[in-house]
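The structure appears right after this line, and notes come after that.
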Amino acid sequence: MVNETIIRNATLEDASRILEIYAYYVKNTAITFEYDTPTLSEFQVRMKSTMKRYPYIVIEKDGEILGYAYAGAFVGRAAYDWSCEMTVYLDHTAQKCGLGRKIYEELEGKLNSMGILNLYACIGYPEAEDEYLNKNSAEFHAHLGFKKVGEFKKCGYKFNRWYNMIWMEKTIGDHYLNQPPVCFADNLR
């Protein structure tokens with residue numbers, strides 16, 4: 001079927017294509033503050049670690065992976081179990097066509113079904129937009145209901161310039177005095 005878009009759980013076999021998408025951002029942008037593209041085996045270890053507790057998904061159009069999204073621990077302490085950090089990357093040629101919204105909404109639904117209440121996004125943020133970083137990610141998150149909750153000034157240095165980093169937050173569930181535990185991803189597959 002032409003123009004068929006599906007979202008599915010990522011597998012380690014997808015790592016090569018996912019890493020290809022990510023490598024563009026490492027080499028050409030300050031969207032990630034990582035300097036060097038990880039090796040395929042390093043990237044697979046990262047994926048495997050994430051998949052132990054959180055969803056890791058891909059979006060395909062006509063059989064080609066055009067993006068991926070995953071969640072991770074907000075802070076590695078039990079009291080933060082109901083909070084997580086979200087990450088999304090789209091192939092740089094597949095932006096501004098609705099795929100980001102689709103995959104993020106799918107990830108949010110999976111996190112909500114786990115009992116996650118608070119979503120966070122850590123976003124590179126320029127004081128002045130340049131060829132390496134713009135404000136599109138912050139605007140994308142705001143469009144999806146995230147609110148800016150903090151900013152760190154000149155905390156990331158890449159391409160011989162300083163960038164800020166902002167945190168954005170979205171609440172997707174109710175907070176109770178006797179909060180039910182989170183059901184981590186292994187129990188949802």
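How things are named: the first chain in the structure tokens is A, the next is B, and so on; residues count from 1 in each chain; ligands count from 1 in the order shown.
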Residue list (strand (DSSP E), DSSP) for chain A, as number ranges by chain:
A: 5-9, 56-61, 64-73, 83-90, 118-125, 147-158, 161-171
Skip stretch 31-41 of chain A itself and residues of its chain fewer than 6 positions away, then list as a PDB file with N, CA and C atoms, in the first residue's frame all residues within 9 Å of it, counting only C-alpha atoms.
```
ATOM      1  N   ALA A  15      18.756  -1.083  14.590  1.00  0.00           N
ATOM      2  CA  ALA A  15      19.767  -0.162  15.114  1.00  0.00           C
ATOM      3  C   ALA A  15      20.571   0.531  14.028  1.00  0.00           C
ATOM      4  N   SER A  16      20.923  -0.170  12.971  1.00  0.00           N
ATOM      5  CA  SER A  16      21.728   0.437  11.913  1.00  0.00           C
ATOM      6  C   SER A  16      21.013   1.630  11.288  1.00  0.00           C
ATOM      7  N   LEU A  19      20.598   4.459  13.907  1.00  0.00           N
ATOM      8  CA  LEU A  19      21.885   5.138  14.086  1.00  0.00           C
ATOM      9  C   LEU A  19      22.186   6.051  12.896  1.00  0.00           C
ATOM     10  N   TYR A  22      20.305   9.190  13.575  1.00  0.00           N
ATOM     11  CA  TYR A  22      20.925   9.933  14.671  1.00  0.00           C
ATOM     12  C   TYR A  22      22.261  10.556  14.254  1.00  0.00           C
ATOM     13  N   ALA A  23      23.047   9.839  13.469  1.00  0.00           N
ATOM     14  CA  ALA A  23      24.376  10.307  13.070  1.00  0.00           C
ATOM     15  C   ALA A  23      24.311  11.665  12.367  1.00  0.00           C
ATOM     16  N   TYR A  24      23.283  11.886  11.591  1.00  0.00           N
ATOM     17  CA  TYR A  24      23.134  13.186  10.924  1.00  0.00           C
ATOM     18  C   TYR A  24      23.127  14.312  11.955  1.00  0.00           C
ATOM     19  N   TYR A  25      22.379  14.122  13.043  1.00  0.00           N
ATOM     20  CA  TYR A  25      22.248  15.163  14.064  1.00  0.00           C
ATOM     21  C   TYR A  25      23.539  15.353  14.856  1.00  0.00           C
ATOM     22  N   ILE A 123      16.146  19.903  25.841  1.00  0.00           N
ATOM     23  CA  ILE A 123      16.234  20.431  24.487  1.00  0.00           C
ATOM     24  C   ILE A 123      17.354  21.466  24.384  1.00  0.00           C
ATOM     25  N   GLY A 124      18.257  21.262  23.415  1.00  0.00           N
ATOM     26  CA  GLY A 124      19.242  22.288  23.108  1.00  0.00           C
ATOM     27  C   GLY A 124      18.509  23.523  22.612  1.00  0.00           C
ATOM     28  N   TYR A 125      18.943  24.693  23.095  1.00  0.00           N
ATOM     29  CA  TYR A 125      18.189  25.913  22.825  1.00  0.00           C
ATOM     30  C   TYR A 125      19.162  27.057  22.563  1.00  0.00           C
ATOM     31  N   TYR A 132      23.268  25.501  13.122  1.00  0.00           N
ATOM     32  CA  TYR A 132      23.344  24.244  13.860  1.00  0.00           C
ATOM     33  C   TYR A 132      22.161  23.986  14.797  1.00  0.00           C
ATOM     34  N   LEU A 133      21.478  25.056  15.176  1.00  0.00           N
ATOM     35  CA  LEU A 133      20.396  24.889  16.148  1.00  0.00           C
ATOM     36  C   LEU A 133      19.368  26.002  16.007  1.00  0.00           C
ATOM     37  N   ASN A 134      18.101  25.592  15.949  1.00  0.00           N
ATOM     38  CA  ASN A 134      17.001  26.556  15.941  1.00  0.00           C
ATOM     39  C   ASN A 134      16.062  26.220  17.097  1.00  0.00           C
ATOM     40  N   SER A 137      12.509  22.462  17.960  1.00  0.00           N
ATOM     41  CA  SER A 137      12.190  21.391  18.908  1.00  0.00           C
ATOM     42  C   SER A 137      11.351  21.920  20.069  1.00  0.00           C
ATOM     43  N   GLY A 156      26.120  23.900  27.008  1.00  0.00           N
ATOM     44  CA  GLY A 156      26.575  22.964  25.986  1.00  0.00           C
ATOM     45  C   GLY A 156      27.454  23.670  24.970  1.00  0.00           C
ATOM     46  N   TYR A 157      28.620  23.115  24.720  1.00  0.00           N
ATOM     47  CA  TYR A 157      29.574  23.722  23.798  1.00  0.00           C
ATOM     48  C   TYR A 157      29.803  22.778  22.623  1.00  0.00           C
ATOM     49  N   LYS A 158      29.429  23.227  21.438  1.00  0.00           N
ATOM     50  CA  LYS A 158      29.599  22.421  20.230  1.00  0.00           C
ATOM     51  C   LYS A 158      29.777  23.364  19.052  1.00  0.00           C
TER      52      LYS A 158
END
```
Skipping near chain neighbours, those fewer than 5 positions away, what residues fall within 12 Å of A:Glu13 using only C-alpha atoms, listed as a list of chain:residue names?
A:Ile18, A:Leu19, A:Leu40, A:Ser41, A:Phe43, A:Gln44, A:Met47, A:Lys48, A:Val58, A:Ile65
Written file, previous selection with N, CA and C atoms, as a compact mmCIF listing (two decimals), in the first residue's frame:
```txt
# COMPACT_ATOMS: atom_id res chain seq x y z
N ILE A 18 18.42 3.33 12.61
CA ILE A 18 18.20 4.34 13.64
C ILE A 18 19.48 5.14 13.86
N LEU A 19 20.60 4.46 13.91
CA LEU A 19 21.88 5.14 14.09
C LEU A 19 22.19 6.05 12.90
N LEU A 40 27.94 1.11 16.05
CA LEU A 40 26.71 0.33 16.02
C LEU A 40 26.56 -0.50 17.28
N SER A 41 27.64 -1.13 17.74
CA SER A 41 27.53 -1.96 18.95
C SER A 41 27.24 -1.10 20.18
N PHE A 43 25.57 1.68 20.17
CA PHE A 43 24.19 2.12 20.02
C PHE A 43 23.22 0.99 20.37
N GLN A 44 23.54 -0.23 19.98
CA GLN A 44 22.70 -1.38 20.34
C GLN A 44 22.66 -1.59 21.85
N MET A 47 20.25 0.98 23.16
CA MET A 47 18.87 0.57 22.87
C MET A 47 18.42 -0.53 23.83
N LYS A 48 19.25 -1.54 23.98
CA LYS A 48 18.91 -2.68 24.84
C LYS A 48 18.66 -2.23 26.28
N VAL A 58 9.67 2.86 16.46
CA VAL A 58 10.04 3.45 15.17
C VAL A 58 8.77 3.76 14.39
N ILE A 65 12.16 3.06 7.78
CA ILE A 65 12.16 3.75 9.08
C ILE A 65 12.54 5.20 8.84
```
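Excluding A:Tyr89 itself and same-chain residues fewer than 2 positions from it, the residues having an atom within 8 Å of it are Ile21, Tyr22, Gly67, Tyr68, Ala69, Thr87, Asp91 and Gly100 of chain A, counting only C-alpha atoms.
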So that I have them on file, write out the residues from the current selection with N, CA and C atoms, as a PDB file, in the first residue's frame.
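Now in again-v4.pdb:
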```
ATOM      1  N   ILE A  21      19.993   7.716  11.191  1.00  0.00           N
ATOM      2  CA  ILE A  21      19.189   8.918  11.432  1.00  0.00           C
ATOM      3  C   ILE A  21      19.878   9.795  12.478  1.00  0.00           C
ATOM      4  N   TYR A  22      20.305   9.190  13.575  1.00  0.00           N
ATOM      5  CA  TYR A  22      20.925   9.933  14.671  1.00  0.00           C
ATOM      6  C   TYR A  22      22.261  10.556  14.254  1.00  0.00           C
ATOM      7  N   GLY A  67      11.916   7.545  11.507  1.00  0.00           N
ATOM      8  CA  GLY A  67      12.107   8.178  12.799  1.00  0.00           C
ATOM      9  C   GLY A  67      12.006   7.177  13.917  1.00  0.00           C
ATOM     10  N   TYR A  68      12.423   7.623  15.078  1.00  0.00           N
ATOM     11  CA  TYR A  68      12.340   6.785  16.270  1.00  0.00           C
ATOM     12  C   TYR A  68      12.126   7.648  17.487  1.00  0.00           C
ATOM     13  N   ALA A  69      11.568   7.039  18.519  1.00  0.00           N
ATOM     14  CA  ALA A  69      11.323   7.735  19.781  1.00  0.00           C
ATOM     15  C   ALA A  69      11.449   6.729  20.908  1.00  0.00           C
ATOM     16  N   THR A  87      12.498  11.248  23.998  1.00  0.00           N
ATOM     17  CA  THR A  87      13.412  11.625  22.920  1.00  0.00           C
ATOM     18  C   THR A  87      12.805  11.204  21.595  1.00  0.00           C
ATOM     19  N   ASP A  91      14.296  11.310  10.453  1.00  0.00           N
ATOM     20  CA  ASP A  91      15.216  11.504   9.343  1.00  0.00           C
ATOM     21  C   ASP A  91      15.143  12.985   8.955  1.00  0.00           C
ATOM     22  N   GLY A 100       6.510  13.315  13.415  1.00  0.00           N
ATOM     23  CA  GLY A 100       6.936  13.564  14.793  1.00  0.00           C
ATOM     24  C   GLY A 100       5.774  13.526  15.755  1.00  0.00           C
TER      25      GLY A 100
END
```
Tell me, which residues of stretch 76-187 of chain A carry DSSP helix (DSSP H, G or I), written as JSON, numbers by chain?
{"A": [78, 79, 80, 99, 100, 101, 102, 103, 104, 105, 106, 107, 108, 109, 110, 111, 112, 113, 114, 136, 137, 138, 139, 140, 141, 142, 143, 185, 186, 187]}
Go ahead and dump the residues you just picked, C-alpha atoms, as a PDB file, in the first residue's frame.
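Written output follows (again.pdb):
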```
ATOM      1  CA  ALA A  78      12.820   5.068  42.610  1.00  0.00           C
ATOM      2  CA  ALA A  79      10.909   8.169  43.680  1.00  0.00           C
ATOM      3  CA  TYR A  80      11.097   9.398  40.070  1.00  0.00           C
ATOM      4  CA  LEU A  99       5.491  12.009  11.619  1.00  0.00           C
ATOM      5  CA  GLY A 100       6.936  13.564  14.793  1.00  0.00           C
ATOM      6  CA  ARG A 101       3.498  14.171  16.239  1.00  0.00           C
ATOM      7  CA  LYS A 102       2.334  10.660  15.344  1.00  0.00           C
ATOM      8  CA  ILE A 103       5.277   8.878  16.949  1.00  0.00           C
ATOM      9  CA  TYR A 104       5.308  11.138  20.019  1.00  0.00           C
ATOM     10  CA  GLU A 105       1.591  10.613  20.617  1.00  0.00           C
ATOM     11  CA  GLU A 106       2.102   6.850  20.303  1.00  0.00           C
ATOM     12  CA  LEU A 107       4.967   6.969  22.813  1.00  0.00           C
ATOM     13  CA  GLU A 108       2.915   9.128  25.174  1.00  0.00           C
ATOM     14  CA  GLY A 109       0.060   6.593  25.026  1.00  0.00           C
ATOM     15  CA  LYS A 110       2.428   3.740  25.869  1.00  0.00           C
ATOM     16  CA  LEU A 111       3.886   5.700  28.791  1.00  0.00           C
ATOM     17  CA  ASN A 112       0.422   6.593  30.057  1.00  0.00           C
ATOM     18  CA  SER A 113      -0.590   2.917  30.020  1.00  0.00           C
ATOM     19  CA  MET A 114       2.502   2.149  32.119  1.00  0.00           C
ATOM     20  CA  ASN A 136      11.917  24.125  16.272  1.00  0.00           C
ATOM     21  CA  SER A 137      12.190  21.391  18.908  1.00  0.00           C
ATOM     22  CA  ALA A 138      10.942  23.668  21.689  1.00  0.00           C
ATOM     23  CA  GLU A 139       8.105  24.863  19.460  1.00  0.00           C
ATOM     24  CA  PHE A 140       7.227  21.262  18.541  1.00  0.00           C
ATOM     25  CA  HIS A 141       7.034  20.280  22.219  1.00  0.00           C
ATOM     26  CA  ALA A 142       4.981  23.389  23.097  1.00  0.00           C
ATOM     27  CA  HIS A 143       2.557  22.475  20.303  1.00  0.00           C
ATOM     28  CA  ALA A 185       7.974  -1.943  29.459  1.00  0.00           C
ATOM     29  CA  ASP A 186       8.991  -5.591  29.827  1.00  0.00           C
ATOM     30  CA  ASN A 187       5.537  -6.211  31.251  1.00  0.00           C
TER      31      ASN A 187
END
```
Selected residue, from A:Tyr163, A:Tyr176, A:Phe152, A:Tyr120, that lies nearest to A:Ser83 when counting only C-alpha atoms:
A:Tyr120
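Distances to A:Trp167 were evaluated for A:Val182, A:Leu90, A:Val149, A:Leu119 using only C-alpha atoms, and the minimum falls at A:Val149.
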